[in-house]
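Q: Structure: start.tsv, TSV, C-alpha atoms.
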chain	number	residue	atom	x	y	z
A	19	MET	CA	0.00	0.00	0.00
A	20	SER	CA	1.51	3.32	-1.09
A	21	ILE	CA	0.99	6.04	1.52
A	22	PRO	CA	2.55	9.50	1.07
A	23	LEU	CA	3.84	11.55	3.97
A	24	LEU	CA	1.47	14.30	2.77
A	25	ASP	CA	-1.22	13.88	0.13
A	26	LEU	CA	-1.45	17.21	-1.66
A	27	GLN	CA	-3.00	15.64	-4.75
A	28	ALA	CA	-6.02	14.50	-2.74
A	29	GLN	CA	-6.38	18.00	-1.31
A	30	TYR	CA	-6.33	19.47	-4.82
A	31	LEU	CA	-8.90	17.00	-6.12
A	32	GLU	CA	-11.21	17.80	-3.20
A	33	LEU	CA	-11.25	21.48	-4.20
A	34	LYS	CA	-10.39	21.14	-7.90
A	35	ASP	CA	-13.33	22.98	-9.44
A	36	GLU	CA	-13.06	25.93	-7.09
A	37	LEU	CA	-9.27	26.13	-7.31
A	38	ASP	CA	-9.25	25.90	-11.09
A	39	GLY	CA	-11.93	28.57	-11.22
A	40	VAL	CA	-10.09	31.15	-9.12
A	41	ILE	CA	-6.79	30.49	-10.89
A	42	GLY	CA	-8.50	31.02	-14.22
A	43	GLU	CA	-10.11	34.21	-12.93
A	44	VAL	CA	-6.73	35.66	-11.92
A	45	MET	CA	-5.24	34.67	-15.26
A	46	SER	CA	-8.08	36.28	-17.17
A	47	THR	CA	-7.73	39.58	-15.32
A	48	ALA	CA	-3.90	39.57	-15.62
A	49	GLY	CA	-3.67	41.11	-12.14
A	50	PHE	CA	-0.81	39.00	-10.89
A	51	ILE	CA	0.86	41.05	-8.14
A	52	GLY	CA	-1.04	42.49	-5.19
A	53	GLY	CA	-4.59	43.62	-5.82
A	54	PRO	CA	-7.91	42.70	-4.23
A	55	ARG	CA	-7.16	39.01	-3.69
A	56	VAL	CA	-4.11	39.76	-1.60
A	57	LYS	CA	-5.96	42.41	0.41
A	58	GLU	CA	-8.84	39.98	0.96
A	59	LEU	CA	-6.43	37.31	2.18
A	60	GLU	CA	-4.73	39.73	4.57
A	61	ALA	CA	-8.08	40.68	6.06
A	62	ALA	CA	-9.15	37.03	6.34
A	63	ILE	CA	-5.92	35.93	8.06
A	64	ALA	CA	-6.02	38.88	10.48
A	65	GLU	CA	-9.60	37.96	11.41
A	66	TYR	CA	-8.73	34.27	11.71
A	67	CYS	CA	-5.74	34.89	13.98
A	68	GLY	CA	-7.41	37.67	15.94
A	69	THR	CA	-4.98	40.47	15.09
A	70	LYS	CA	-5.39	43.99	13.78
A	71	HIS	CA	-3.06	43.52	10.82
A	72	ALA	CA	-1.79	40.86	8.46
A	73	VAL	CA	0.86	41.69	5.85
A	74	ALA	CA	1.41	39.23	3.01
A	75	CYS	CA	4.89	38.60	1.66
A	76	GLY	CA	6.94	36.22	-0.44
A	77	ASN	CA	7.48	33.42	2.07
A	78	GLY	CA	7.77	32.63	5.76
A	79	THR	CA	11.50	33.31	5.87
A	80	ASP	CA	10.92	36.77	4.44
A	81	ALA	CA	8.21	37.35	7.04
A	82	LEU	CA	10.76	36.76	9.80
A	83	PHE	CA	13.31	38.99	8.07
A	84	LEU	CA	10.81	41.81	7.55
A	85	ILE	CA	9.72	41.63	11.18
A	86	MET	CA	13.25	41.92	12.54
A	87	HIS	CA	14.07	44.76	10.17
A	88	ALA	CA	10.93	46.58	11.33
A	89	LEU	CA	11.97	46.09	14.97
A	90	GLY	CA	15.40	47.57	14.27
A	91	ILE	CA	17.26	44.34	14.99
A	92	GLY	CA	20.66	44.22	13.32
A	93	LYS	CA	24.41	43.93	13.69
A	94	GLY	CA	25.56	43.40	17.25
A	95	ASP	CA	22.14	42.28	18.46
A	96	GLU	CA	21.18	38.80	19.65
A	97	VAL	CA	17.93	36.92	19.12
A	98	ILE	CA	17.21	33.88	21.28
A	99	THR	CA	15.61	30.92	19.55
A	100	THR	CA	15.59	27.11	19.37
A	101	PRO	CA	18.11	24.81	17.69
A	102	PHE	CA	15.41	22.28	16.80
A	103	THR	CA	13.70	23.76	13.76
A	104	PHE	CA	14.21	24.40	10.06
A	105	ILE	CA	17.20	26.63	9.33
A	106	ALA	CA	15.00	29.49	8.06
A	107	THR	CA	14.42	30.62	11.65
A	108	ALA	CA	18.09	31.26	12.39
A	109	GLU	CA	18.85	32.16	8.77
A	110	ALA	CA	16.52	35.14	8.98
A	111	ILE	CA	18.25	36.30	12.16
A	112	ALA	CA	21.62	36.10	10.43
A	113	HIS	CA	20.33	37.94	7.36
A	114	VAL	CA	19.60	41.09	9.39
A	115	GLY	CA	23.13	40.91	10.80
A	116	ALA	CA	22.10	39.69	14.25
A	117	THR	CA	23.37	36.61	16.09
A	118	PRO	CA	21.12	33.63	16.85
A	119	VAL	CA	21.48	32.39	20.42
A	120	PHE	CA	20.12	28.90	20.97
A	121	VAL	CA	18.48	27.49	24.09
A	122	ASP	CA	17.72	23.82	24.49
A	123	ILE	CA	14.35	22.16	24.04
A	124	GLU	CA	11.86	20.18	26.08
A	125	PRO	CA	12.47	16.44	25.60
A	126	ASP	CA	8.80	15.60	25.05
A	127	THR	CA	7.28	18.47	23.01
A	128	TYR	CA	10.54	19.51	21.27
A	129	ASN	CA	9.57	23.13	21.89
A	130	MET	CA	11.88	25.69	23.47
A	131	ASP	CA	12.51	24.97	27.16
A	132	VAL	CA	11.37	28.28	28.62
A	133	SER	CA	12.97	27.44	31.97
A	134	LEU	CA	16.39	27.87	30.28
A	135	LEU	CA	15.52	31.13	28.57
A	136	GLU	CA	16.51	33.75	31.13
A	137	ALA	CA	20.05	32.39	31.48
A	138	ALA	CA	20.64	33.09	27.77
A	139	ILE	CA	19.74	36.80	27.97
A	140	THR	CA	22.61	39.30	27.70
A	141	GLU	CA	22.87	43.05	27.26
A	142	ARG	CA	22.86	42.42	23.50
A	143	THR	CA	19.59	40.46	23.46
A	144	LYS	CA	16.86	42.29	21.53
A	145	ALA	CA	14.23	39.63	20.94
A	146	ILE	CA	13.06	36.11	21.68
A	147	MET	CA	11.82	33.99	18.79
A	148	PRO	CA	9.91	30.91	19.97
A	149	VAL	CA	9.03	28.36	17.29
A	150	HIS	CA	5.72	26.51	17.68
A	151	ILE	CA	7.32	23.33	16.40
A	152	PHE	CA	5.20	20.69	14.65
A	153	GLY	CA	2.06	22.76	15.33
A	154	GLN	CA	2.04	22.98	19.13
A	155	CYS	CA	2.47	26.35	20.83
A	156	VAL	CA	5.36	27.09	23.14
A	157	ASP	CA	4.35	27.82	26.74
A	158	MET	CA	3.99	31.54	26.12
A	159	ASP	CA	2.89	33.02	29.47
A	160	PRO	CA	6.22	32.53	31.28
A	161	LEU	CA	8.12	33.45	28.11
A	162	LEU	CA	6.20	36.72	27.76
A	163	GLU	CA	6.74	37.51	31.45
A	164	ILE	CA	10.51	37.10	31.03
A	165	ALA	CA	10.46	39.23	27.86
A	166	GLU	CA	8.51	42.01	29.55
A	167	ARG	CA	10.84	42.03	32.54
A	168	HIS	CA	13.86	42.43	30.28
A	169	GLY	CA	12.26	44.78	27.74
A	170	LEU	CA	12.53	42.33	24.84
A	171	HIS	CA	10.44	41.87	21.71
A	172	VAL	CA	8.78	38.50	21.17
A	173	ILE	CA	8.43	37.17	17.61
A	174	GLU	CA	6.37	34.03	17.07
A	175	ASP	CA	7.71	31.72	14.41
A	176	ALA	CA	4.29	30.20	13.77
A	177	CYS	CA	5.17	28.87	10.32
A	178	GLN	CA	4.06	25.34	11.30
A	179	ALA	CA	1.21	26.34	13.58
A	180	ILE	CA	-1.59	28.17	11.80
A	181	GLY	CA	-4.78	27.44	13.72
A	182	ALA	CA	-3.06	26.27	16.91
A	183	THR	CA	-4.27	27.81	20.16
A	184	TYR	CA	-2.80	28.78	23.51
A	185	ARG	CA	-5.17	29.53	26.38
A	186	GLY	CA	-7.97	30.44	24.01
A	187	LYS	CA	-5.93	32.60	21.61
A	188	ARG	CA	-4.63	31.58	18.22
A	189	ALA	CA	-0.99	31.36	17.25
A	190	GLY	CA	-0.10	34.62	15.57
A	191	SER	CA	-1.79	36.72	18.25
A	192	LEU	CA	0.31	35.72	21.25
A	193	ALA	CA	3.23	38.16	20.97
A	194	ASP	CA	4.33	41.43	19.38
A	195	VAL	CA	4.30	39.94	15.90
A	196	ALA	CA	4.25	36.54	14.20
A	197	ALA	CA	5.33	34.92	10.95
A	198	PHE	CA	3.53	32.24	8.95
A	199	SER	CA	4.57	30.20	5.93
A	200	PHE	CA	2.27	29.07	3.14
A	201	PHE	CA	4.79	26.59	1.70
A	202	PRO	CA	2.77	23.82	0.01
A	203	SER	CA	3.39	21.28	2.78
A	204	LYS	CA	2.09	23.56	5.54
A	205	ASN	CA	-1.36	23.03	7.07
A	206	LEU	CA	-2.51	25.97	4.95
A	207	GLY	CA	-0.36	25.84	1.84
A	208	CYS	CA	-0.38	27.56	-1.53
A	209	ALA	CA	0.99	26.32	-4.87
A	210	GLY	CA	4.45	27.78	-4.43
A	211	ASP	CA	6.06	30.06	-1.90
A	212	GLY	CA	4.06	32.46	0.23
A	213	GLY	CA	4.04	34.00	3.68
A	214	ILE	CA	2.32	36.46	5.96
A	215	LEU	CA	2.95	38.24	9.25
A	216	THR	CA	0.39	39.21	11.87
A	217	THR	CA	0.49	41.96	14.48
A	218	ASP	CA	-1.62	44.45	16.41
A	219	SER	CA	1.02	47.15	15.90
A	220	ASP	CA	0.30	49.81	13.29
A	221	GLU	CA	4.00	50.70	13.23
A	222	ILE	CA	5.28	47.15	12.68
A	223	ALA	CA	2.70	46.45	9.99
A	224	ALA	CA	3.47	49.67	8.11
A	225	ALA	CA	7.24	49.15	8.30
A	226	CYS	CA	6.98	45.56	7.07
A	227	ARG	CA	4.64	46.47	4.24
A	228	LYS	CA	6.97	49.23	3.06
A	229	MET	CA	10.09	47.07	3.34
A	230	ALA	CA	8.46	44.24	1.38
A	231	ASN	CA	7.60	46.62	-1.48
A	232	HIS	CA	11.02	48.07	-2.31
A	233	GLY	CA	10.87	50.55	0.57
A	234	THR	CA	7.97	52.53	-0.86
A	235	THR	CA	4.38	53.43	-0.11
A	236	VAL	CA	4.07	55.71	-3.16
A	237	LYS	CA	5.20	54.21	-6.46
A	238	TYR	CA	8.66	55.37	-7.58
A	239	TYR	CA	9.28	57.29	-4.33
A	240	HIS	CA	11.52	55.39	-1.91
A	241	ASP	CA	12.43	56.65	1.55
A	242	THR	CA	14.27	53.48	2.58
A	243	ILE	CA	16.05	50.56	0.92
A	244	GLY	CA	13.60	47.71	0.74
A	245	VAL	CA	13.30	44.27	-0.79
A	246	ASN	CA	10.96	42.57	-3.22
A	247	SER	CA	8.79	40.21	-1.18
A	248	ARG	CA	5.24	40.32	-2.48
A	249	LEU	CA	2.62	37.58	-2.53
A	250	ASP	CA	1.14	37.06	-5.97
A	251	SER	CA	-2.58	37.03	-6.66
A	252	VAL	CA	-2.71	33.39	-7.77
A	253	GLN	CA	-1.35	32.23	-4.43
A	254	ALA	CA	-3.72	34.54	-2.54
A	255	ALA	CA	-6.69	33.18	-4.50
A	256	ILE	CA	-5.67	29.60	-3.74
A	257	LEU	CA	-5.28	30.34	-0.05
A	258	LEU	CA	-8.69	32.01	0.11
A	259	VAL	CA	-10.25	28.83	-1.24
A	260	LYS	CA	-8.42	26.67	1.28
A	261	LEU	CA	-8.77	28.83	4.40
A	262	PRO	CA	-12.43	27.90	5.15
A	263	HIS	CA	-11.35	24.23	5.27
A	264	LEU	CA	-8.37	24.75	7.58
A	265	ASP	CA	-10.08	24.05	10.90
A	266	ARG	CA	-11.59	20.83	9.54
A	267	TRP	CA	-8.24	19.72	8.14
A	268	ASN	CA	-6.56	20.47	11.47
A	269	ALA	CA	-9.23	18.46	13.29
A	270	GLU	CA	-8.58	15.55	10.92
A	271	ARG	CA	-4.85	15.79	11.70
A	272	ARG	CA	-5.61	15.65	15.44
A	273	ALA	CA	-7.86	12.65	14.87
A	274	ALA	CA	-5.08	10.90	12.96
A	275	ALA	CA	-2.68	11.64	15.82
A	276	ALA	CA	-5.12	10.08	18.30
A	277	VAL	CA	-5.29	6.92	16.17
A	278	TYR	CA	-1.50	6.66	16.13
A	279	ASP	CA	-1.37	7.23	19.89
A	280	GLU	CA	-3.66	4.20	20.25
A	281	LEU	CA	-1.97	1.95	17.68
A	282	LEU	CA	1.58	2.69	18.79
A	283	ALA	CA	0.96	2.38	22.53
A	284	ASP	CA	2.63	-1.03	22.85
A	285	LEU	CA	5.61	-0.31	20.58
A	286	ASP	CA	9.04	0.83	21.68
A	287	LEU	CA	8.61	4.29	20.20
A	288	VAL	CA	8.38	7.72	21.83
A	289	THR	CA	5.11	9.32	20.72
A	290	PRO	CA	4.20	13.04	20.87
A	291	VAL	CA	3.20	14.78	24.09
A	292	THR	CA	0.47	17.41	23.95
A	293	ARG	CA	0.25	20.14	26.57
A	294	ASP	CA	-3.17	20.95	28.01
A	295	PHE	CA	-2.94	24.74	27.50
A	296	GLY	CA	-4.19	24.70	23.93
A	297	GLU	CA	-5.03	22.82	20.77
A	298	GLU	CA	-2.20	21.70	18.50
A	299	VAL	CA	-2.59	21.33	14.74
A	300	VAL	CA	-0.25	18.35	14.14
A	301	HIS	CA	1.76	19.84	11.31
A	302	LEU	CA	3.78	16.64	11.63
A	303	TYR	CA	3.25	13.54	13.77
A	304	ILE	CA	6.71	12.95	15.19
A	305	VAL	CA	7.92	9.76	16.84
A	306	ALA	CA	11.38	8.93	18.14
A	307	SER	CA	13.52	5.80	18.20
A	308	PRO	CA	17.24	4.98	18.35
A	309	GLU	CA	16.44	2.84	15.29
A	310	ARG	CA	15.17	5.88	13.38
A	311	ASP	CA	17.15	5.42	10.15
A	312	ARG	CA	16.35	1.71	9.91
A	313	LEU	CA	12.65	2.36	10.52
A	314	ILE	CA	12.52	5.10	7.87
A	315	SER	CA	14.16	2.70	5.40
A	316	ALA	CA	11.58	0.01	6.20
A	317	LEU	CA	8.72	2.45	5.72
A	318	GLN	CA	10.11	3.72	2.44
A	319	ALA	CA	10.68	0.17	1.18
A	320	ALA	CA	6.99	-0.48	1.83
A	321	GLY	CA	5.97	2.64	-0.13
A	322	ILE	CA	5.23	4.71	2.96
A	323	GLY	CA	6.42	8.31	3.19
A	324	SER	CA	8.59	9.28	6.14
A	325	ALA	CA	11.42	11.72	6.83
A	326	ALA	CA	13.80	12.75	9.61
A	327	TYR	CA	12.91	15.98	11.44
A	328	TYR	CA	15.54	17.28	12.09
A	329	PRO	CA	18.76	15.34	11.41
A	330	VAL	CA	21.17	18.04	12.67
A	331	PRO	CA	20.40	20.72	15.27
A	332	LEU	CA	21.03	24.26	14.10
A	333	HIS	CA	23.86	24.99	16.53
A	334	LEU	CA	25.88	22.13	14.97
A	335	GLN	CA	25.16	23.06	11.36
A	336	GLU	CA	28.26	23.98	9.37
A	337	ALA	CA	26.70	27.35	8.55
A	338	PHE	CA	26.82	28.28	12.25
A	339	THR	CA	30.22	26.93	13.27
A	340	HIS	CA	31.40	30.51	13.78
A	341	LEU	CA	29.06	30.81	16.75
A	342	GLY	CA	31.29	28.48	18.75
A	343	TYR	CA	28.84	25.80	19.83
A	344	ALA	CA	30.22	22.29	20.32
A	345	GLU	CA	28.71	18.86	20.77
A	346	GLY	CA	27.21	18.68	24.23
A	347	SER	CA	26.22	22.38	24.26
A	348	LEU	CA	22.50	21.62	23.93
A	349	PRO	CA	22.14	17.96	24.91
A	350	VAL	CA	18.38	17.52	24.63
A	351	ALA	CA	18.24	18.75	21.03
A	352	GLU	CA	21.33	16.73	20.20
A	353	ALA	CA	19.74	13.58	21.64
A	354	ALA	CA	16.49	14.16	19.72
A	355	CYS	CA	17.96	14.79	16.28
A	356	PRO	CA	19.24	11.24	15.59
A	357	GLN	CA	15.90	9.77	16.66
A	358	THR	CA	12.94	11.88	15.52
A	359	PHE	CA	10.95	11.19	12.33
A	360	ALA	CA	7.51	11.85	10.88
A	361	LEU	CA	4.69	9.45	10.06
A	362	PRO	CA	1.91	10.21	7.55
A	363	ALA	CA	-0.84	12.14	9.36
A	364	PHE	CA	-2.40	14.25	6.62
A	365	PRO	CA	-6.08	15.27	6.48
A	366	GLY	CA	-8.13	12.39	5.11
A	367	ILE	CA	-5.72	9.59	6.00
A	368	THR	CA	-7.72	6.44	6.78
A	369	ARG	CA	-7.40	4.14	9.76
A	370	GLU	CA	-6.55	1.35	7.32
A	371	GLN	CA	-3.59	3.38	6.04
A	372	GLN	CA	-2.45	4.13	9.58
A	373	GLU	CA	-2.73	0.47	10.53
A	374	GLU	CA	-0.47	-0.37	7.59
A	375	VAL	CA	2.09	2.20	8.74
A	376	VAL	CA	2.06	0.66	12.23
A	377	ARG	CA	2.25	-2.91	10.84
A	378	VAL	CA	5.45	-2.02	8.96
A	379	LEU	CA	6.90	-0.35	12.04
A	380	ARG	CA	5.99	-3.33	14.22
A	381	GLU	CA	7.66	-5.78	11.85
A	382	ALA	CA	10.76	-3.61	11.55
A	383	LEU	CA	11.08	-3.25	15.32
A	384	ALA	CA	10.62	-7.02	15.79
A	385	GLY	CA	13.33	-7.72	13.21
Here is a file; write its structure as structure tokens.
A:
Amino acid sequence: MSIPLLDLQAQYLELKDELDGVIGEVMSTAGFIGGPRVKELEAAIAEYCGTKHAVACGNGTDALFLIMHALGIGKGDEVITTPFTFIATAEAIAHVGATPVFVDIEPDTYNMDVSLLEAAITERTKAIMPVHIFGQCVDMDPLLEIAERHGLHVIEDACQAIGATYRGKRAGSLADVAAFSFFPSKNLGCAGDGGILTTDSDEIAAACRKMANHGTTVKYYHDTIGVNSRLDSVQAAILLVKLPHLDRWNAERRAAAAVYDELLADLDLVTPVTRDFGEEVVHLYIVASPERDRLISALQAAGIGSAAYYPVPLHLQEAFTHLGYAEGSLPVAEAACPQTFALPAFPGITREQQEEVVRVLREALAG
């Protein structure tokens, strides 16, 4: 039985007529950059997340970059974040000239260990960037209390967490500003690259919007050096079709996670832990085993999609050797990286498919 890690084709077929229609509409009007579709998406995402503003941009990495530029973060500054995430988080920090400072993670949720946060703050720290990894929010209340006490900005990297909640509020509304990705594999994905940032701050929203559009608010008049990071109308139209289905898809992901929790209970695998302060959205269903690579190979040989998340923590990536971290610096992340991998948990996956995934894992572990 062939089972993909994520079934984007099924998602397209579910919405094919509507998606084809809005793509054709954009093509017929030839309004490809900006315009009413993008403005409509910004308004819809702001309403969904519960923020005053949403500013669309080229991708989630750009959203992080634009945010830090708007906050005046640059050379000589430090931004505290997690080593257990995709490199875009720390890459964006480096691109504004700042230094990423990594704190270790919780061993069960893989989110930033907030109890270690304060020890990492220095006189150069300007912001904290928690990542809601795999669709579960970081414990934000103690993090925000530390940030307020030290006068620091808080930037949510919510790229994997659209729709997740924390104490009744949605990801994207929990801090000063937040970044989302619409990469196709995300819970809300477009047909290419896309991103958006959310905030209640008029100043941050205006600065990000100007920066993303070549540093201008009036065409051909530029009062700052900007970049080109604009969401195109085709992607906005696609996202507007998909957004009304997001909560249902997230519920289906949670249901799939519950099935795995049941089916894997007697296997020698570490399954995800969910905190009781909110609702996760299961961007990925992550399990852990010292036999990770062998289990992935067994799944792939059976036609089942799987992948390691993440094979190398950021502080040990070659790109960040200049920061001076060594093996043993962040032991929890370092212990997780050789063991963690994803199982298929996409919206619409059937129990039969999940039982097949578990059967292959059971046989591989027995062998």
Q: Atom CA of Ile222 of chain A and atom CA of Lys70 of chain A are how many Å apart?
A: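 Atom CA of Lys70 of chain A lies at a distance of 11.2 Å from atom CA of Ile222 of chain A.
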Q: Which residues are close to Asp131 of chain A, i.e. within 12 Å by only C-alpha atoms, leaving aside same-chain residues fewer than 2 positions away? Reply as an MDAnalysis selection string.
A: chainID A and resid 98:102 120:129 133:138 148:150 155:158 160:161 348 350:351
Q: Fewer than 5 positions away in the same chain doesn't count, so skip those; otherwise give me all residues within 8 Å of Glu298 of chain A, counting all atoms listed in the file, as a list of chain:residue names.
A: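 Once the nearby chain positions are removed, what remains is A:Gly153, A:Gln154, A:Cys155, A:Ala179, A:Gly181, A:Ala182, A:Thr183, A:Arg272, A:Thr292.
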Q: Using all atoms listed in the file, determine which residues lie at most 7 Å from segment 258-267 of chain A, disregarding the query and same-chain residues fewer than 3 positions distant; provide the list as a list in words.
A: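 My list of contacting residues is Leu37, Leu59, Gly181, Leu206, Ala254, Ala255, Glu270, Arg271 and Pro365 of chain A.
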Q: Give the centre and edge lengths of an axis-aligned box, in Å to one decimal, that holds all listed atoms of segment 31-46 of chain A with 3 Å on each side, as AutoDock Vina command-line options.
A:
--center_x -9.3 --center_y 26.6 --center_z -10.2 --size_x 14.1 --size_y 25.3 --size_z 20.0
Q: Using all atoms listed in the file, pick whichever of A:His71, A:His301, A:His168, A:Lys228 has the shortest atom-to-atom distance to Ile180 of chain A.
A: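 Of A:His71, A:His301, A:His168, A:Lys228, the one nearest Ile180 of chain A is A:His301, counting all atoms listed in the file.
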Q: For a quick check of understanding, using only C-alpha atoms, which of A:Glu58, A:Glu309, A:Glu109, A:Asp35 has the smallest distance to Phe338 of chain A?
A: A:Glu109
Q: Take atom CA of Ser315 of chain A and atom CA of Tyr327 of chain A and report the distance between them in Å, one decimal.
A: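 Taking atom CA of Ser315 of chain A and atom CA of Tyr327 of chain A, their separation equals 14.6 Å.
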Q: Taking all atoms listed in the file into account, which of A:Gly94, A:Pro308, A:Gly207, A:Gly68 comes nearest Glu141 of chain A?
A: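 Smallest distance to Glu141 of chain A is found for A:Gly94.
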Q: For the atom pair atom CA of Val195 of chain A and atom CA of His171 of chain A, what is the interatomic distance in Å to one decimal place?
A: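 Value for the atom CA of Val195 of chain A-atom CA of His171 of chain A distance: 8.7 Å.
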Q: Can you tell me, as a short mmCIF file (atom, residue, chain, number, x, y, z; two decimals) with C-alpha atoms, in the frame of the given file, what residues are no more than 12 Å from Tyr343 of chain A when counting all atoms listed in the file, ignoring any on the same chain fewer than 3 positions away?
A:
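Okay, part39.cif is ready:
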data_model
loop_
_atom_site.label_atom_id
_atom_site.label_comp_id
_atom_site.auth_asym_id
_atom_site.auth_seq_id
_atom_site.Cartn_x
_atom_site.Cartn_y
_atom_site.Cartn_z
CA PRO A 101 18.11 24.81 17.69
CA PRO A 118 21.12 33.63 16.85
CA VAL A 119 21.48 32.39 20.42
CA PHE A 120 20.12 28.90 20.97
CA VAL A 121 18.48 27.49 24.09
CA PRO A 331 20.40 20.72 15.27
CA LEU A 332 21.03 24.26 14.10
CA HIS A 333 23.86 24.99 16.53
CA LEU A 334 25.88 22.13 14.97
CA GLN A 335 25.16 23.06 11.36
CA GLU A 336 28.26 23.98 9.37
CA ALA A 337 26.70 27.35 8.55
CA PHE A 338 26.82 28.28 12.25
CA THR A 339 30.22 26.93 13.27
CA HIS A 340 31.40 30.51 13.78
CA GLY A 346 27.21 18.68 24.23
CA SER A 347 26.22 22.38 24.26
CA LEU A 348 22.50 21.62 23.93
CA PRO A 349 22.14 17.96 24.91
CA GLU A 352 21.33 16.73 20.20
#
Q: Taking only C-alpha atoms into account, which of A:Asp194, A:Asp38, A:Asp80, A:Glu373 comes nearest Met19 of chain A?
A: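 Among A:Asp194, A:Asp38, A:Asp80, A:Glu373, it is A:Glu373 that comes nearest to Met19 of chain A.
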Q: Would you mind completing segment 215-233 of chain A to N, CA and C atoms and writing the output as an mmCIF file, in the coordinates of the input?
A:
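File written: out18.cif
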data_model
loop_
_atom_site.group_PDB
_atom_site.id
_atom_site.type_symbol
_atom_site.label_atom_id
_atom_site.label_comp_id
_atom_site.auth_asym_id
_atom_site.auth_seq_id
_atom_site.Cartn_x
_atom_site.Cartn_y
_atom_site.Cartn_z
ATOM 1 N N LEU A 215 2.648 37.924 7.857
ATOM 2 C CA LEU A 215 2.950 38.240 9.250
ATOM 3 C C LEU A 215 1.734 38.896 9.867
ATOM 4 N N THR A 216 1.551 38.680 11.163
ATOM 5 C CA THR A 216 0.390 39.210 11.870
ATOM 6 C C THR A 216 0.844 40.008 13.079
ATOM 7 N N THR A 217 0.132 41.102 13.357
ATOM 8 C CA THR A 217 0.490 41.960 14.480
ATOM 9 C C THR A 217 -0.671 42.894 14.805
ATOM 10 N N ASP A 218 -0.685 43.391 16.029
ATOM 11 C CA ASP A 218 -1.620 44.450 16.410
ATOM 12 C C ASP A 218 -0.990 45.828 16.276
ATOM 13 N N SER A 219 0.293 45.874 15.950
ATOM 14 C CA SER A 219 1.020 47.150 15.900
ATOM 15 C C SER A 219 0.895 47.815 14.542
ATOM 16 N N ASP A 220 0.363 49.031 14.536
ATOM 17 C CA ASP A 220 0.300 49.810 13.290
ATOM 18 C C ASP A 220 1.706 50.054 12.748
ATOM 19 N N GLU A 221 2.649 50.346 13.648
ATOM 20 C CA GLU A 221 4.000 50.700 13.230
ATOM 21 C C GLU A 221 4.723 49.511 12.598
ATOM 22 N N ILE A 222 4.621 48.339 13.226
ATOM 23 C CA ILE A 222 5.280 47.150 12.680
ATOM 24 C C ILE A 222 4.673 46.785 11.330
ATOM 25 N N ALA A 223 3.360 46.810 11.245
ATOM 26 C CA ALA A 223 2.700 46.450 9.990
ATOM 27 C C ALA A 223 3.110 47.394 8.869
ATOM 28 N N ALA A 224 3.119 48.688 9.144
ATOM 29 C CA ALA A 224 3.470 49.670 8.110
ATOM 30 C C ALA A 224 4.921 49.509 7.675
ATOM 31 N N ALA A 225 5.822 49.295 8.634
ATOM 32 C CA ALA A 225 7.240 49.150 8.300
ATOM 33 C C ALA A 225 7.482 47.887 7.474
ATOM 34 N N CYS A 226 6.817 46.810 7.826
ATOM 35 C CA CYS A 226 6.980 45.560 7.070
ATOM 36 C C CYS A 226 6.409 45.680 5.666
ATOM 37 N N ARG A 227 5.258 46.320 5.554
ATOM 38 C CA ARG A 227 4.640 46.470 4.240
ATOM 39 C C ARG A 227 5.525 47.323 3.315
ATOM 40 N N LYS A 228 6.099 48.385 3.864
ATOM 41 C CA LYS A 228 6.970 49.230 3.060
ATOM 42 C C LYS A 228 8.242 48.476 2.662
ATOM 43 N N MET A 229 8.850 47.798 3.611
ATOM 44 C CA MET A 229 10.090 47.070 3.340
ATOM 45 C C MET A 229 9.874 46.000 2.273
ATOM 46 N N ALA A 230 8.737 45.323 2.316
ATOM 47 C CA ALA A 230 8.460 44.240 1.380
ATOM 48 C C ALA A 230 8.215 44.736 -0.045
ATOM 49 N N ASN A 231 7.927 46.038 -0.180
ATOM 50 C CA ASN A 231 7.600 46.620 -1.480
ATOM 51 C C ASN A 231 8.653 47.648 -1.888
ATOM 52 N N HIS A 232 9.910 47.223 -1.859
ATOM 53 C CA HIS A 232 11.020 48.070 -2.310
ATOM 54 C C HIS A 232 11.160 49.364 -1.512
ATOM 55 N N GLY A 233 10.692 49.368 -0.262
ATOM 56 C CA GLY A 233 10.870 50.550 0.570
ATOM 57 C C GLY A 233 9.997 51.720 0.165
#
